[in-house]
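> Before I ask anything, let me first share the structure, which is written out below as structure tokens.
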Amino acid sequence: MAKDSRSHERHPIPARVDVFGAHVALNQPVADLSLGGCCVHGPSIESCGAEVDLTLVFQGDTNAISVRGSIVRVDQDETGIQFIKVEDEQKWAIRKQIRAMAQALRRT
């Protein structure tokens with residue numbers, strides 16, 4: 001079995017994302033999130049290598065996180081997006097959402 005080469009652990013997060021590139025896809029469900037990127041459910045509107053602007057919106061939170069990304073994987077039903085040029089404030093906000101979801105899951 002091949003070792004997973006990801007630098008960041010992926011987490012299932014109840015979130016939606018708006019994707020802005022050559023095309024626009026609004027309110028797409030997020031399959032998982034990490035400090036390095038996210039996986040989006042649904043057919044891709046961009047091809048591998050395309051840079052996009054993302055707005056992540058988390059369930060139960062009124063704050064959105066805007067971040068730049070690059071399409072790294074396109075499957076029939078999912079798109080993998082790697083975050084690029086991420087500022088410390090954006091990393092902190094993503095980490096906060098991951099921790100909040102982990103705490104909520106531990107309570108259930």
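Residue numbering restarts at 1 for every chain of the structure tokens, chains are lettered A, B, ... in their displayed order, and ligands are numbered from 1 as they appear.
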From the DSSP assignment of the backbone, select every residue of region 7-93 of chain A that is strand (DSSP E or B), and format the answer as a CSV table (one decimal) with N, CA and C atoms, in the first residue's frame.


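Contents of selection_10.csv, as written:
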```
chain,number,residue,atom,x,y,z
A,11,HIS,N,-10.1,16.6,7.1
A,11,HIS,CA,-11.2,16.6,8.1
A,11,HIS,C,-12.5,16.8,7.4
A,15,ALA,N,-19.4,22.4,5.4
A,15,ALA,CA,-19.1,23.7,4.9
A,15,ALA,C,-19.6,23.7,3.4
A,16,ARG,N,-19.7,24.9,2.9
A,16,ARG,CA,-20.0,25.1,1.5
A,16,ARG,C,-18.9,26.1,1.0
A,17,VAL,N,-18.7,26.1,-0.3
A,17,VAL,CA,-17.7,26.9,-0.9
A,17,VAL,C,-18.2,27.5,-2.2
A,18,ASP,N,-17.8,28.8,-2.4
A,18,ASP,CA,-18.1,29.5,-3.7
A,18,ASP,C,-16.7,29.5,-4.4
A,19,VAL,N,-16.7,29.1,-5.7
A,19,VAL,CA,-15.5,29.0,-6.4
A,19,VAL,C,-15.6,30.0,-7.6
A,20,PHE,N,-14.6,30.9,-7.7
A,20,PHE,CA,-14.5,31.9,-8.7
A,20,PHE,C,-13.3,31.7,-9.5
A,24,VAL,N,-17.9,30.3,-12.5
A,24,VAL,CA,-18.3,30.5,-11.1
A,24,VAL,C,-19.2,29.3,-10.7
A,25,ALA,N,-18.9,28.8,-9.5
A,25,ALA,CA,-19.8,27.7,-8.9
A,25,ALA,C,-20.1,28.1,-7.5
A,26,LEU,N,-21.3,28.3,-7.2
A,26,LEU,CA,-21.7,28.8,-5.9
A,26,LEU,C,-22.3,27.7,-5.0
A,27,ASN,N,-22.0,27.8,-3.7
A,27,ASN,CA,-22.7,27.0,-2.7
A,27,ASN,C,-22.4,25.5,-2.9
A,28,GLN,N,-21.1,25.2,-3.3
A,28,GLN,CA,-20.7,23.8,-3.5
A,28,GLN,C,-20.4,23.1,-2.2
A,29,PRO,N,-20.8,21.8,-1.9
A,29,PRO,CA,-20.5,21.2,-0.7
A,29,PRO,C,-19.0,20.8,-0.6
A,30,VAL,N,-18.4,21.0,0.6
A,30,VAL,CA,-17.1,20.6,0.8
A,30,VAL,C,-17.0,19.2,1.4
A,31,ALA,N,-16.3,18.3,0.7
A,31,ALA,CA,-16.1,16.9,1.2
A,31,ALA,C,-15.2,16.9,2.4
A,32,ASP,N,-14.1,17.6,2.3
A,32,ASP,CA,-13.1,17.6,3.4
A,32,ASP,C,-12.3,18.8,3.3
A,33,LEU,N,-11.6,19.2,4.4
A,33,LEU,CA,-10.8,20.4,4.5
A,33,LEU,C,-9.6,20.1,5.3
A,37,GLY,N,-5.7,22.5,1.8
A,37,GLY,CA,-6.6,22.6,0.7
A,37,GLY,C,-8.0,22.0,1.1
A,38,CYS,N,-8.8,21.7,0.1
A,38,CYS,CA,-10.1,21.1,0.3
A,38,CYS,C,-10.5,20.3,-0.9
A,39,CYS,N,-11.5,19.4,-0.7
A,39,CYS,CA,-12.1,18.6,-1.7
A,39,CYS,C,-13.5,19.1,-1.8
A,40,VAL,N,-14.0,19.3,-3.0
A,40,VAL,CA,-15.3,19.8,-3.3
A,40,VAL,C,-16.1,18.8,-4.0
A,41,HIS,N,-17.3,18.5,-3.5
A,41,HIS,CA,-18.2,17.6,-4.2
A,41,HIS,C,-18.8,18.2,-5.5
A,51,GLU,N,-6.1,28.5,-11.4
A,51,GLU,CA,-6.1,29.1,-10.1
A,51,GLU,C,-7.5,29.7,-9.9
A,52,VAL,N,-8.0,29.6,-8.7
A,52,VAL,CA,-9.4,30.0,-8.4
A,52,VAL,C,-9.4,30.8,-7.0
A,53,ASP,N,-10.4,31.6,-6.9
A,53,ASP,CA,-10.6,32.3,-5.6
A,53,ASP,C,-11.8,31.5,-4.9
A,54,LEU,N,-11.6,31.2,-3.6
A,54,LEU,CA,-12.6,30.5,-2.9
A,54,LEU,C,-13.1,31.3,-1.7
A,55,THR,N,-14.4,31.1,-1.4
A,55,THR,CA,-15.0,31.7,-0.2
A,55,THR,C,-15.6,30.5,0.5
A,56,LEU,N,-15.0,30.1,1.6
A,56,LEU,CA,-15.5,29.0,2.5
A,56,LEU,C,-16.5,29.5,3.5
A,57,VAL,N,-17.7,28.9,3.6
A,57,VAL,CA,-18.7,29.2,4.5
A,57,VAL,C,-19.0,28.0,5.4
A,58,PHE,N,-18.9,28.2,6.7
A,58,PHE,CA,-19.0,27.0,7.6
A,58,PHE,C,-20.4,27.0,8.3
A,64,ALA,N,-17.0,34.0,6.9
A,64,ALA,CA,-16.5,33.3,5.7
A,64,ALA,C,-15.0,33.5,5.6
A,65,ILE,N,-14.3,32.5,5.0
A,65,ILE,CA,-12.9,32.6,4.8
A,65,ILE,C,-12.6,32.7,3.3
A,66,SER,N,-11.9,33.7,2.8
A,66,SER,CA,-11.5,33.8,1.4
A,66,SER,C,-10.1,33.4,1.3
A,67,VAL,N,-9.8,32.5,0.3
A,67,VAL,CA,-8.4,32.0,0.1
A,67,VAL,C,-8.3,31.7,-1.4
A,68,ARG,N,-7.0,31.8,-1.9
A,68,ARG,CA,-6.7,31.4,-3.3
A,68,ARG,C,-6.4,30.0,-3.4
A,69,GLY,N,-6.7,29.3,-4.5
A,69,GLY,CA,-6.4,27.9,-4.6
A,69,GLY,C,-6.0,27.6,-6.0
A,70,SER,N,-5.5,26.4,-6.2
A,70,SER,CA,-5.1,25.8,-7.5
A,70,SER,C,-5.8,24.4,-7.6
A,71,ILE,N,-6.4,24.2,-8.7
A,71,ILE,CA,-7.0,22.9,-9.0
A,71,ILE,C,-5.9,21.9,-9.2
A,72,VAL,N,-5.9,20.8,-8.3
A,72,VAL,CA,-4.9,19.8,-8.4
A,72,VAL,C,-5.4,18.4,-8.8
A,73,ARG,N,-6.7,18.2,-8.7
A,73,ARG,CA,-7.3,16.9,-9.1
A,73,ARG,C,-8.7,17.2,-9.5
A,74,VAL,N,-9.1,16.5,-10.6
A,74,VAL,CA,-10.5,16.6,-11.1
A,74,VAL,C,-10.9,15.2,-11.4
A,78,GLU,N,-15.7,15.0,-7.9
A,78,GLU,CA,-15.0,15.7,-6.9
A,78,GLU,C,-13.8,16.5,-7.5
A,79,THR,N,-13.5,17.6,-6.9
A,79,THR,CA,-12.4,18.5,-7.3
A,79,THR,C,-11.5,18.7,-6.1
A,80,GLY,N,-10.2,18.4,-6.3
A,80,GLY,CA,-9.2,18.7,-5.2
A,80,GLY,C,-8.6,20.1,-5.5
A,81,ILE,N,-8.6,20.9,-4.4
A,81,ILE,CA,-8.0,22.3,-4.5
A,81,ILE,C,-7.0,22.5,-3.5
A,82,GLN,N,-5.8,22.9,-3.9
A,82,GLN,CA,-4.7,23.2,-3.0
A,82,GLN,C,-4.7,24.7,-2.7
A,83,PHE,N,-4.6,25.0,-1.4
A,83,PHE,CA,-4.6,26.5,-1.1
A,83,PHE,C,-3.2,27.0,-1.5
A,84,ILE,N,-3.1,28.2,-2.0
A,84,ILE,CA,-1.9,28.9,-2.4
A,84,ILE,C,-1.9,30.3,-1.8
```

> Residues near Glu9 (chain A), anyone? I mean within 9 Å using only C-alpha atoms, not counting same-chain ones fewer than 2 positions away, as a ChimeraX atom specification.

/A:6-7,11,33-36

> Between CA of Ile13 (chain A) and CA of Gln97 (chain A), what is the distance, to one decimal in Å?

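Here the two named atoms are 8.3 Å from each other.
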
> Between CA of Ala22 (chain A) and CA of Ala50 (chain A), what is the distance in Å, rounded to a tenth?

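Taking CA of Ala22 (chain A) as the start and CA of Ala50 (chain A) as the end point, the length is 8.5 Å.
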
> Just give me the gap between CA of Arg10 (chain A) and CA of Ala104 (chain A) in Å, one decimal is fine.

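CA of Ala104 (chain A) lies at a distance of 16.3 Å from CA of Arg10 (chain A).
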
> Considering only helix (DSSP H, G or I) as DSSP defines it on the backbone, what residues of chain A qualify? List them as a PyMOL selection string.

chain A and resi 88-107

> Store the residues picked out above in a file with C-alpha atoms, as a compact mmCIF listing (two decimals), in the first residue's frame.


```
# COMPACT_ATOMS: atom_id res chain seq x y z
CA ASP A 88 -1.27 33.56 8.53
CA GLU A 89 -4.72 35.00 9.33
CA GLN A 90 -6.32 32.63 6.81
CA LYS A 91 -4.43 29.64 8.24
CA TRP A 92 -5.56 30.60 11.74
CA ALA A 93 -9.20 30.87 10.63
CA ILE A 94 -9.11 27.47 8.87
CA ARG A 95 -7.41 25.85 11.88
CA LYS A 96 -10.10 27.37 14.15
CA GLN A 97 -12.88 25.79 12.04
CA ILE A 98 -11.17 22.39 12.05
CA ARG A 99 -10.72 22.48 15.83
CA ALA A 100 -14.31 23.59 16.42
CA MET A 101 -15.64 20.72 14.32
CA ALA A 102 -13.36 18.20 16.07
CA GLN A 103 -14.64 19.41 19.45
CA ALA A 104 -18.27 19.18 18.29
CA LEU A 105 -17.71 15.62 17.07
CA ARG A 106 -16.16 14.60 20.41
CA ARG A 107 -19.27 15.87 22.22
```

> Counting only C-alpha atoms, what is within 8 Å of Gln76 (chain A), bar same-chain residues fewer than 3 positions away, as a PyMOL selection string?

chain A and resi 42-44

> Would you write out those residues with N, CA and C atoms, as an mmCIF file, in the first residue's frame?


```
data_model
loop_
_atom_site.group_PDB
_atom_site.id
_atom_site.type_symbol
_atom_site.label_atom_id
_atom_site.label_comp_id
_atom_site.auth_asym_id
_atom_site.auth_seq_id
_atom_site.Cartn_x
_atom_site.Cartn_y
_atom_site.Cartn_z
ATOM 1 N N GLY A 42 -19.057 17.438 -6.480
ATOM 2 C CA GLY A 42 -19.710 17.922 -7.683
ATOM 3 C C GLY A 42 -18.728 18.025 -8.836
ATOM 4 N N PRO A 43 -19.256 18.151 -10.034
ATOM 5 C CA PRO A 43 -18.391 18.247 -11.209
ATOM 6 C C PRO A 43 -17.578 19.543 -11.192
ATOM 7 N N SER A 44 -16.360 19.453 -11.674
ATOM 8 C CA SER A 44 -15.478 20.616 -11.692
ATOM 9 C C SER A 44 -15.894 21.598 -12.780
#
```
